$ cat work.cif   # mmCIF, C-alpha atoms
data_model
loop_
_atom_site.group_PDB
_atom_site.id
_atom_site.type_symbol
_atom_site.label_atom_id
_atom_site.label_comp_id
_atom_site.auth_asym_id
_atom_site.auth_seq_id
_atom_site.Cartn_x
_atom_site.Cartn_y
_atom_site.Cartn_z
ATOM 1 C CA ASN X 1 7.499 17.599 -49.368
ATOM 2 C CA ILE X 2 7.166 19.218 -45.961
ATOM 3 C CA LYS X 3 5.941 15.930 -44.464
ATOM 4 C CA LYS X 4 9.091 14.142 -45.652
ATOM 5 C CA GLU X 5 11.226 16.791 -43.965
ATOM 6 C CA GLU X 6 9.193 16.507 -40.765
ATOM 7 C CA VAL X 7 9.543 12.732 -40.747
ATOM 8 C CA ALA X 8 13.292 13.016 -41.342
ATOM 9 C CA THR X 9 13.570 15.524 -38.485
ATOM 10 C CA LEU X 10 11.570 13.265 -36.147
ATOM 11 C CA GLU X 11 13.735 10.285 -37.065
ATOM 12 C CA LYS X 12 16.879 12.310 -36.311
ATOM 13 C CA CYS X 13 15.412 13.309 -32.942
ATOM 14 C CA ASP X 14 14.624 9.666 -32.164
ATOM 15 C CA GLN X 15 18.201 8.673 -33.023
ATOM 16 C CA ILE X 16 19.627 11.420 -30.826
ATOM 17 C CA VAL X 17 17.454 10.334 -27.879
ATOM 18 C CA GLU X 18 18.416 6.669 -28.382
ATOM 19 C CA ASN X 19 22.106 7.608 -28.462
ATOM 20 C CA ILE X 20 21.745 9.618 -25.268
ATOM 21 C CA GLU X 21 19.922 6.747 -23.543
ATOM 22 C CA ASP X 22 22.585 4.260 -24.661
ATOM 23 C CA LYS X 23 25.391 6.461 -23.335
ATOM 24 C CA GLU X 24 23.628 7.441 -20.118
ATOM 25 C CA GLU X 25 25.711 6.404 -17.150
ATOM 26 C CA PHE X 26 25.057 7.418 -13.602
ATOM 27 C CA PRO X 27 27.531 8.263 -10.881
ATOM 28 C CA GLN X 28 28.043 5.582 -8.250
ATOM 29 C CA ILE X 29 25.540 5.703 -5.399
ATOM 30 C CA THR X 30 27.360 6.690 -2.215
ATOM 31 C CA LYS X 31 26.653 5.534 1.342
ATOM 32 C CA LYS X 32 25.673 9.083 2.248
ATOM 33 C CA GLU X 33 22.990 9.051 -0.473
ATOM 34 C CA ILE X 34 21.285 5.983 0.980
ATOM 35 C CA LYS X 35 21.479 6.983 4.641
ATOM 36 C CA ILE X 36 18.358 6.179 6.587
ATOM 37 C CA SER X 37 17.467 7.081 10.141
ATOM 38 C CA ILE X 38 15.620 4.404 12.116
ATOM 39 C CA ALA X 39 13.882 5.100 15.415
ATOM 40 C CA GLU X 40 12.158 2.590 17.675
ATOM 41 C CA PRO X 41 9.329 3.494 20.064
ATOM 42 C CA GLU X 42 9.947 3.368 23.792
ATOM 43 C CA ALA X 43 9.363 -0.073 25.259
ATOM 44 C CA SER X 44 6.539 1.271 27.411
ATOM 45 C CA CYS X 45 4.421 2.237 24.359
ATOM 46 C CA LEU X 46 3.288 -1.257 23.421
ATOM 47 C CA PRO X 47 3.438 -4.694 24.988
ATOM 48 C CA ASN X 48 4.803 -6.180 21.730
ATOM 49 C CA THR X 49 8.472 -6.295 20.903
ATOM 50 C CA ASN X 50 9.732 -3.658 18.458
ATOM 51 C CA LYS X 51 10.117 -6.323 15.768
ATOM 52 C CA ASP X 52 6.302 -6.760 15.772
ATOM 53 C CA ASN X 53 5.489 -3.054 15.489
ATOM 54 C CA PRO X 54 4.381 -1.542 12.196
ATOM 55 C CA ILE X 55 6.954 0.486 10.284
ATOM 56 C CA VAL X 56 6.349 3.961 8.868
ATOM 57 C CA LEU X 57 8.627 5.026 6.028
ATOM 58 C CA ILE X 58 8.845 8.818 6.043
ATOM 59 C CA PHE X 59 10.151 10.257 2.777
ATOM 60 C CA GLY X 60 11.265 13.874 3.079
ATOM 61 C CA TRP X 61 10.901 16.818 0.751
ATOM 62 C CA ALA X 62 13.727 18.296 -1.343
ATOM 63 C CA GLY X 63 16.216 20.015 0.915
ATOM 64 C CA SER X 64 14.752 18.690 4.137
ATOM 65 C CA LYS X 65 16.946 17.444 6.955
ATOM 66 C CA HIS X 66 16.454 14.545 9.342
ATOM 67 C CA LYS X 67 15.796 17.024 12.150
ATOM 68 C CA HIS X 68 12.769 18.261 10.157
ATOM 69 C CA LEU X 69 11.455 14.719 9.699
ATOM 70 C CA ARG X 70 11.876 13.941 13.405
ATOM 71 C CA LYS X 71 8.805 16.082 14.081
ATOM 72 C CA TYR X 72 6.704 13.691 11.985
ATOM 73 C CA SER X 73 8.552 10.666 13.319
ATOM 74 C CA SER X 74 7.777 11.603 16.933
ATOM 75 C CA ILE X 75 4.033 11.354 16.242
ATOM 76 C CA TYR X 76 4.392 7.793 14.954
ATOM 77 C CA LEU X 77 6.837 6.810 17.695
ATOM 78 C CA GLY X 78 4.304 7.939 20.295
ATOM 79 C CA ALA X 79 1.781 5.565 18.716
ATOM 80 C CA GLY X 80 4.242 2.671 18.974
ATOM 81 C CA PHE X 81 5.450 2.573 15.375
ATOM 82 C CA THR X 82 9.024 2.095 14.217
ATOM 83 C CA THR X 83 9.984 4.940 11.900
ATOM 84 C CA VAL X 84 12.440 5.070 9.034
ATOM 85 C CA GLN X 85 13.372 8.467 7.617
ATOM 86 C CA TYR X 86 14.870 8.961 4.176
ATOM 87 C CA ILE X 87 15.605 12.052 2.095
ATOM 88 C CA LEU X 88 16.313 11.644 -1.611
ATOM 89 C CA PRO X 89 19.469 13.551 -2.655
ATOM 90 C CA THR X 90 18.793 16.479 -4.970
ATOM 91 C CA ARG X 91 20.907 15.058 -7.797
ATOM 92 C CA HIS X 92 18.261 12.357 -8.152
ATOM 93 C CA ILE X 93 15.489 14.931 -8.251
ATOM 94 C CA PHE X 94 16.851 17.042 -11.079
ATOM 95 C CA ARG X 95 19.431 15.014 -12.977
ATOM 96 C CA ASP X 96 19.597 11.295 -12.254
ATOM 97 C CA THR X 97 15.901 10.495 -11.803
ATOM 98 C CA ALA X 98 16.169 7.184 -13.654
ATOM 99 C CA GLN X 99 18.455 5.948 -10.853
ATOM 100 C CA ILE X 100 15.804 6.356 -8.140
ATOM 101 C CA PRO X 101 14.580 2.720 -8.262
ATOM 102 C CA GLU X 102 18.170 1.566 -7.704
ATOM 103 C CA VAL X 103 18.518 3.953 -4.772
ATOM 104 C CA MET X 104 15.263 2.729 -3.271
ATOM 105 C CA ALA X 105 16.308 -0.905 -3.780
ATOM 106 C CA ASN X 106 19.335 -0.097 -1.601
ATOM 107 C CA ILE X 107 16.973 1.307 1.022
ATOM 108 C CA LEU X 108 14.942 -1.920 0.915
ATOM 109 C CA ILE X 109 18.105 -3.960 1.428
ATOM 110 C CA GLN X 110 18.841 -1.951 4.573
ATOM 111 C CA LEU X 111 15.269 -2.505 5.749
ATOM 112 C CA GLU X 112 15.640 -6.266 5.520
ATOM 113 C CA ASN X 113 17.508 -6.016 8.835
ATOM 114 C CA GLU X 114 14.340 -4.528 10.309
ATOM 115 C CA GLU X 115 12.327 -7.567 9.187
ATOM 116 C CA ILE X 116 10.180 -5.380 6.958
ATOM 117 C CA HIS X 117 8.815 -8.447 5.151
ATOM 118 C CA ASP X 118 6.875 -9.587 8.227
ATOM 119 C CA ARG X 119 5.584 -6.241 9.456
ATOM 120 C CA PRO X 120 2.851 -3.856 8.355
ATOM 121 C CA VAL X 121 4.395 -0.931 6.442
ATOM 122 C CA TYR X 122 2.961 2.572 6.058
ATOM 123 C CA LEU X 123 4.332 5.318 3.831
ATOM 124 C CA HIS X 124 4.326 9.025 4.618
ATOM 125 C CA CYS X 125 5.424 10.965 1.521
ATOM 126 C CA LEU X 126 6.190 14.630 2.014
ATOM 127 C CA SER X 127 5.890 16.744 -1.134
ATOM 128 C CA ASP X 128 6.870 15.731 -4.674
ATOM 129 C CA THR X 129 10.213 14.312 -3.582
ATOM 130 C CA GLY X 130 8.494 11.942 -1.173
ATOM 131 C CA ALA X 131 6.255 10.820 -4.023
ATOM 132 C CA MET X 132 9.350 10.201 -6.177
ATOM 133 C CA CYS X 133 10.671 7.927 -3.419
ATOM 134 C CA TYR X 134 7.359 6.079 -3.381
ATOM 135 C CA GLN X 135 7.480 5.581 -7.144
ATOM 136 C CA GLY X 136 11.051 4.313 -6.902
ATOM 137 C CA ILE X 137 10.222 1.939 -4.067
ATOM 138 C CA ASP X 138 7.209 0.675 -6.014
ATOM 139 C CA VAL X 139 9.449 -0.241 -8.956
ATOM 140 C CA ALA X 140 12.035 -1.806 -6.639
ATOM 141 C CA VAL X 141 9.378 -3.904 -4.850
ATOM 142 C CA LYS X 142 7.940 -5.143 -8.160
ATOM 143 C CA GLU X 143 11.414 -6.212 -9.241
ATOM 144 C CA SER X 144 12.185 -7.898 -5.895
ATOM 145 C CA SER X 145 11.306 -11.541 -5.426
ATOM 146 C CA LYS X 146 11.432 -11.202 -1.625
ATOM 147 C CA MET X 147 8.740 -8.565 -1.170
ATOM 148 C CA LYS X 148 5.098 -9.648 -0.876
ATOM 149 C CA ARG X 149 2.723 -7.896 -3.204
#
$ encode --input "work.cif" --output "structure tokens"
Amino acid sequence: NIKKEEVATLEKCDQIVENIEDKEEFPQITKKEIKISIAEPEASCLPNTNKDNPIVLIFGWAGSKHKHLRKYSSIYLGAGFTTVQYILPTRHIFRDTAQIPEVMANILIQLENEEIHDRPVYLHCLSDTGAMCYQGIDVAVKESSKMKR
């Protein structure tokens, strides 16, 4: 008799979760939430044009600012890399995590202007939030027909 009650309780829980997932709607992604900061190395660093240089995507930690990431960016710039900084908004860390692949797809769209498809790309993930960006970009790349695997 207890097993029947447990099964009924589990079925109710499953229904509640399904209803929540069906009703789940996310706020619109704003331009501020997909702001990236791109920096090119000085022309004297490498003989190649900037469009041939590798790109380093630097994903910041929760609460970081672009001025914090510039310290890491300067190391890569000195080596002749183009850097792209991005910080995931905290609402995506705690509440709207399922929206991260969509956010990162928007970042990839912006990077198309940087000819990311034809350049080597390196990722520098800072803390758990940087890893969340990586996971989101991984999903977005797998869903994109333009990105090489």
$ closest_residue --input "work.cif" --among "X:Met132, X:Cys125, X:Ile34, X:Ile29" --to "X:Ile107" --atoms "only C-alpha atoms"
X:Ile34
$ closest_residue --input "work.cif" --among "X:His92, X:His68, X:His117, X:Lys142" --to "X:Thr129" --atoms "all atoms listed in the file"
X:His92
$ closest_residue --input "work.cif" --among "X:Glu115, X:Gln85, X:Val121, X:Pro101" --to "X:Asp138" --atoms "only C-alpha atoms"
X:Pro101
$ atom_distance --input "work.cif" --atom1 "atom CA of X:Gly78" --atom2 "atom CA of X:Leu111"
21.0 Å
$ atom_distance --input "work.cif" --atom1 "atom CA of X:Phe94" --atom2 "atom CA of X:Thr30"
17.2 Å
$ resolve_selection --input "work.cif" --expression "the PyMOL selection byres ((chain X and resi 109) around 12)" --output "PyMOL selection string"
chain X and resi 34-36+102-108+110-117+137+140-141+144+146-147
$ write_last_selection --input "work.cif" --atoms "C-alpha atoms" --output "PDB file, in the frame of the given file"
ATOM      1  CA  ILE X  34      21.285   5.983   0.980  1.00  0.00           C
ATOM      2  CA  LYS X  35      21.479   6.983   4.641  1.00  0.00           C
ATOM      3  CA  ILE X  36      18.358   6.179   6.587  1.00  0.00           C
ATOM      4  CA  GLU X 102      18.170   1.566  -7.704  1.00  0.00           C
ATOM      5  CA  VAL X 103      18.518   3.953  -4.772  1.00  0.00           C
ATOM      6  CA  MET X 104      15.263   2.729  -3.271  1.00  0.00           C
ATOM      7  CA  ALA X 105      16.308  -0.905  -3.780  1.00  0.00           C
ATOM      8  CA  ASN X 106      19.335  -0.097  -1.601  1.00  0.00           C
ATOM      9  CA  ILE X 107      16.973   1.307   1.022  1.00  0.00           C
ATOM     10  CA  LEU X 108      14.942  -1.920   0.915  1.00  0.00           C
ATOM     11  CA  GLN X 110      18.841  -1.951   4.573  1.00  0.00           C
ATOM     12  CA  LEU X 111      15.269  -2.505   5.749  1.00  0.00           C
ATOM     13  CA  GLU X 112      15.640  -6.266   5.520  1.00  0.00           C
ATOM     14  CA  ASN X 113      17.508  -6.016   8.835  1.00  0.00           C
ATOM     15  CA  GLU X 114      14.340  -4.528  10.309  1.00  0.00           C
ATOM     16  CA  GLU X 115      12.327  -7.567   9.187  1.00  0.00           C
ATOM     17  CA  ILE X 116      10.180  -5.380   6.958  1.00  0.00           C
ATOM     18  CA  HIS X 117       8.815  -8.447   5.151  1.00  0.00           C
ATOM     19  CA  ILE X 137      10.222   1.939  -4.067  1.00  0.00           C
ATOM     20  CA  ALA X 140      12.035  -1.806  -6.639  1.00  0.00           C
ATOM     21  CA  VAL X 141       9.378  -3.904  -4.850  1.00  0.00           C
ATOM     22  CA  SER X 144      12.185  -7.898  -5.895  1.00  0.00           C
ATOM     23  CA  LYS X 146      11.432 -11.202  -1.625  1.00  0.00           C
ATOM     24  CA  MET X 147       8.740  -8.565  -1.170  1.00  0.00           C
TER      25      MET X 147
END
$ build_atoms --input "work.cif" --residues "stretch 31-42 of chain X" --atoms "all heavy atoms" --output "JSON list (two decimals), in the frame of the given file"
[["chain", "number", "residue", "atom", "x", "y", "z"],
["X", 31, "LYS", "N", 27.29, 5.90, 0.08],
["X", 31, "LYS", "CA", 26.65, 5.53, 1.34],
["X", 31, "LYS", "C", 25.85, 6.69, 1.91],
["X", 31, "LYS", "O", 24.80, 6.50, 2.51],
["X", 31, "LYS", "CB", 27.70, 5.06, 2.35],
["X", 31, "LYS", "CG", 28.25, 3.70, 2.05],
["X", 31, "LYS", "CD", 29.22, 3.25, 3.12],
["X", 31, "LYS", "CE", 29.77, 1.87, 2.78],
["X", 31, "LYS", "NZ", 30.67, 1.37, 3.80],
["X", 32, "LYS", "N", 26.37, 7.90, 1.73],
["X", 32, "LYS", "CA", 25.67, 9.08, 2.25],
["X", 32, "LYS", "C", 24.31, 9.26, 1.56],
["X", 32, "LYS", "O", 23.36, 9.72, 2.18],
["X", 32, "LYS", "CB", 26.54, 10.32, 2.02],
["X", 32, "LYS", "CG", 25.97, 11.59, 2.58],
["X", 32, "LYS", "CD", 26.89, 12.77, 2.36],
["X", 32, "LYS", "CE", 26.26, 14.04, 2.88],
["X", 32, "LYS", "NZ", 27.07, 15.21, 2.61],
["X", 33, "GLU", "N", 24.23, 8.87, 0.28],
["X", 33, "GLU", "CA", 22.99, 9.05, -0.47],
["X", 33, "GLU", "C", 21.91, 8.04, -0.11],
["X", 33, "GLU", "O", 20.74, 8.23, -0.46],
["X", 33, "GLU", "CB", 23.26, 8.97, -1.98],
["X", 33, "GLU", "CG", 24.06, 10.14, -2.49],
["X", 33, "GLU", "CD", 24.40, 10.01, -3.96],
["X", 33, "GLU", "OE1", 24.74, 8.91, -4.41],
["X", 33, "GLU", "OE2", 24.32, 11.05, -4.66],
["X", 34, "ILE", "N", 22.28, 6.98, 0.59],
["X", 34, "ILE", "CA", 21.28, 5.98, 0.98],
["X", 34, "ILE", "C", 21.19, 5.87, 2.51],
["X", 34, "ILE", "O", 20.79, 4.85, 3.04],
["X", 34, "ILE", "CB", 21.56, 4.61, 0.33],
["X", 34, "ILE", "CG1", 22.97, 4.11, 0.64],
["X", 34, "ILE", "CG2", 21.30, 4.65, -1.16],
["X", 34, "ILE", "CD1", 23.23, 2.68, 0.22],
["X", 35, "LYS", "N", 21.53, 6.97, 3.18],
["X", 35, "LYS", "CA", 21.48, 6.98, 4.64],
["X", 35, "LYS", "C", 20.03, 7.07, 5.10],
["X", 35, "LYS", "O", 19.27, 7.92, 4.67],
["X", 35, "LYS", "CB", 22.25, 8.19, 5.17],
["X", 35, "LYS", "CG", 22.21, 8.30, 6.67],
["X", 35, "LYS", "CD", 22.85, 9.58, 7.17],
["X", 35, "LYS", "CE", 22.72, 9.63, 8.67],
["X", 35, "LYS", "NZ", 22.43, 10.94, 9.15],
["X", 36, "ILE", "N", 19.68, 6.14, 5.98],
["X", 36, "ILE", "CA", 18.36, 6.18, 6.59],
["X", 36, "ILE", "C", 18.52, 6.39, 8.09],
["X", 36, "ILE", "O", 19.58, 6.12, 8.64],
["X", 36, "ILE", "CB", 17.54, 4.90, 6.30],
["X", 36, "ILE", "CG1", 18.25, 3.65, 6.83],
["X", 36, "ILE", "CG2", 17.22, 4.77, 4.83],
["X", 36, "ILE", "CD1", 17.44, 2.36, 6.68],
["X", 37, "SER", "N", 17.47, 6.88, 8.69],
["X", 37, "SER", "CA", 17.47, 7.08, 10.14],
["X", 37, "SER", "C", 16.31, 6.26, 10.71],
["X", 37, "SER", "O", 15.15, 6.50, 10.36],
["X", 37, "SER", "CB", 17.29, 8.56, 10.46],
["X", 37, "SER", "OG", 17.21, 8.76, 11.85],
["X", 38, "ILE", "N", 16.63, 5.29, 11.54],
["X", 38, "ILE", "CA", 15.62, 4.40, 12.12],
["X", 38, "ILE", "C", 15.45, 4.74, 13.59],
["X", 38, "ILE", "O", 16.42, 4.90, 14.32],
["X", 38, "ILE", "CB", 16.04, 2.93, 11.97],
["X", 38, "ILE", "CG1", 16.22, 2.58, 10.49],
["X", 38, "ILE", "CG2", 15.02, 2.00, 12.63],
["X", 38, "ILE", "CD1", 16.78, 1.20, 10.24],
["X", 39, "ALA", "N", 14.18, 4.84, 14.00],
["X", 39, "ALA", "CA", 13.88, 5.10, 15.42],
["X", 39, "ALA", "C", 12.85, 4.08, 15.89],
["X", 39, "ALA", "O", 11.88, 3.80, 15.19],
["X", 39, "ALA", "CB", 13.36, 6.52, 15.60],
["X", 40, "GLU", "N", 13.07, 3.55, 17.06],
["X", 40, "GLU", "CA", 12.16, 2.59, 17.68],
["X", 40, "GLU", "C", 11.37, 3.28, 18.78],
["X", 40, "GLU", "O", 11.91, 4.15, 19.46],
["X", 40, "GLU", "CB", 12.94, 1.41, 18.27],
["X", 40, "GLU", "CG", 13.71, 0.59, 17.26],
["X", 40, "GLU", "CD", 12.84, -0.31, 16.40],
["X", 40, "GLU", "OE1", 11.62, -0.41, 16.67],
["X", 40, "GLU", "OE2", 13.38, -0.90, 15.46],
["X", 41, "PRO", "N", 10.11, 2.89, 18.97],
["X", 41, "PRO", "CA", 9.33, 3.49, 20.06],
["X", 41, "PRO", "C", 9.87, 3.03, 21.41],
["X", 41, "PRO", "O", 10.55, 2.00, 21.51],
["X", 41, "PRO", "CB", 7.91, 2.96, 19.82],
["X", 41, "PRO", "CG", 8.11, 1.69, 19.07],
["X", 41, "PRO", "CD", 9.35, 1.89, 18.24],
["X", 42, "GLU", "N", 9.54, 3.77, 22.45],
["X", 42, "GLU", "CA", 9.95, 3.37, 23.79],
["X", 42, "GLU", "C", 9.24, 2.06, 24.14],
["X", 42, "GLU", "O", 8.11, 1.82, 23.72],
["X", 42, "GLU", "CB", 9.57, 4.45, 24.80],
["X", 42, "GLU", "CG", 10.37, 5.71, 24.63],
["X", 42, "GLU", "CD", 10.02, 6.75, 25.69],
["X", 42, "GLU", "OE1", 9.54, 6.35, 26.78],
["X", 42, "GLU", "OE2", 10.22, 7.93, 25.42]]
